[in-house]
Amino acid sequence: MKRKRQTFHRGRRRRPVGSEKLERRVLLDGALAAEYSSLNIDQGAYDTTSVLVRYHSDADAYAPTGIATFESIPGLHQVALPNGLDVNGSLDFYRNHPGVVYAEPNYQVSIAAIPNDPDFDSLWGLNNTGQTGGTIDADIDAPQA
């Protein structure tokens, strides 16, 4: 008995289907702040190691290397202060510099708003009002934070 010979089709090899892993990205902009009725700016609490300085567009190239730049506001830099220089002294210097639009302390800013999540009341660990039979105020006081 004669065996039938197997034939192999030689075509393009199929590559396994794969997926590309993407990094996580978060885009922050002013629209987020616009959704809240108020921002709390504590003018008594600011970073003592840096100031925020915005340079004119033509002077931006001469800006010192700062801690960070802000793409959403051209020319704005978070400038690290050298040891021994206080915030008020550096603000006087930058505010009198002709290439600077403005200089401000790096204030602490917080949002004063409770989430508009319809299920927020059921999250007893955030703000326990006894809604699920638990102990009132046995929570992390999230609305007050």
# chains A, B, ... in the order shown; residues from 1 in each chain; ligands from 1
>>> residues_around(residues="A:Pro82", least_positions_apart="5", cutoff="10 Å", atoms="only C-alpha atoms", output="number ranges by chain")
A: 49-50, 90
>>> write_last_selection(atoms="C-alpha atoms", output="PDB file, in the first residue's frame")
ATOM      1  CA  THR A  49      12.359  76.181  49.055  1.00  0.00           C
ATOM      2  CA  SER A  50      10.977  77.483  45.741  1.00  0.00           C
ATOM      3  CA  SER A  90      13.820  86.169  46.075  1.00  0.00           C
TER       4      SER A  90
END
>>> residues_around(residues="A:Gln43", least_positions_apart="6", cutoff="12 Å", atoms="only C-alpha atoms", output="list in words")
Glu104, Pro105, Asn106, Tyr107, Gln108, Val109 and Ser110 of chain A
>>> write_last_selection(atoms="N, CA and C atoms", output="short mmCIF file (atom, residue, chain, number, x, y, z; two decimals), in the first residue's frame")
data_model
loop_
_atom_site.label_atom_id
_atom_site.label_comp_id
_atom_site.auth_asym_id
_atom_site.auth_seq_id
_atom_site.Cartn_x
_atom_site.Cartn_y
_atom_site.Cartn_z
N GLU A 104 5.59 84.74 42.33
CA GLU A 104 4.69 84.49 43.45
C GLU A 104 5.24 83.36 44.31
N PRO A 105 4.87 83.36 45.60
CA PRO A 105 5.19 82.18 46.41
C PRO A 105 4.46 80.96 45.85
N ASN A 106 4.98 79.81 46.12
CA ASN A 106 4.35 78.56 45.69
C ASN A 106 3.34 78.15 46.76
N TYR A 107 2.15 78.76 46.68
CA TYR A 107 1.11 78.55 47.70
C TYR A 107 0.55 77.14 47.66
N GLN A 108 0.04 76.70 48.80
CA GLN A 108 -0.70 75.44 48.86
C GLN A 108 -2.13 75.73 48.43
N VAL A 109 -2.61 74.97 47.46
CA VAL A 109 -3.96 75.15 46.92
C VAL A 109 -4.73 73.86 47.12
N SER A 110 -5.97 73.98 47.57
CA SER A 110 -6.82 72.80 47.72
C SER A 110 -8.20 73.11 47.16
#
>>> atom_distance(atom1="atom CA of A:Ile111", atom2="atom CA of A:Tyr55")
27.2 Å
>>> select_by_dssp(residues="stretch 41-103 of chain A", states="helix (DSSP H, G or I)", output="ChimeraX atom specification")
/A:60-62,87-95
>>> write_last_selection(atoms="C-alpha atoms", output="PDB file, in the first residue's frame")
ATOM      1  CA  ASP A  60      12.417  82.533  28.771  1.00  0.00           C
ATOM      2  CA  ALA A  61      15.661  81.252  27.259  1.00  0.00           C
ATOM      3  CA  TYR A  62      17.593  83.003  30.041  1.00  0.00           C
ATOM      4  CA  VAL A  87      11.082  83.596  49.735  1.00  0.00           C
ATOM      5  CA  ASN A  88      10.522  87.339  50.291  1.00  0.00           C
ATOM      6  CA  GLY A  89      14.050  88.254  49.222  1.00  0.00           C
ATOM      7  CA  SER A  90      13.820  86.169  46.075  1.00  0.00           C
ATOM      8  CA  LEU A  91      10.389  87.607  45.231  1.00  0.00           C
ATOM      9  CA  ASP A  92      11.805  91.154  45.486  1.00  0.00           C
ATOM     10  CA  PHE A  93      14.634  90.176  43.145  1.00  0.00           C
ATOM     11  CA  TYR A  94      12.407  88.515  40.525  1.00  0.00           C
ATOM     12  CA  ARG A  95       9.666  91.164  40.640  1.00  0.00           C
TER      13      ARG A  95
END
>>> closest_residue(among="A:Asp141, A:Asp117, A:Asp47, A:Asp42", to="A:Val79", atoms="only C-alpha atoms")
A:Asp47
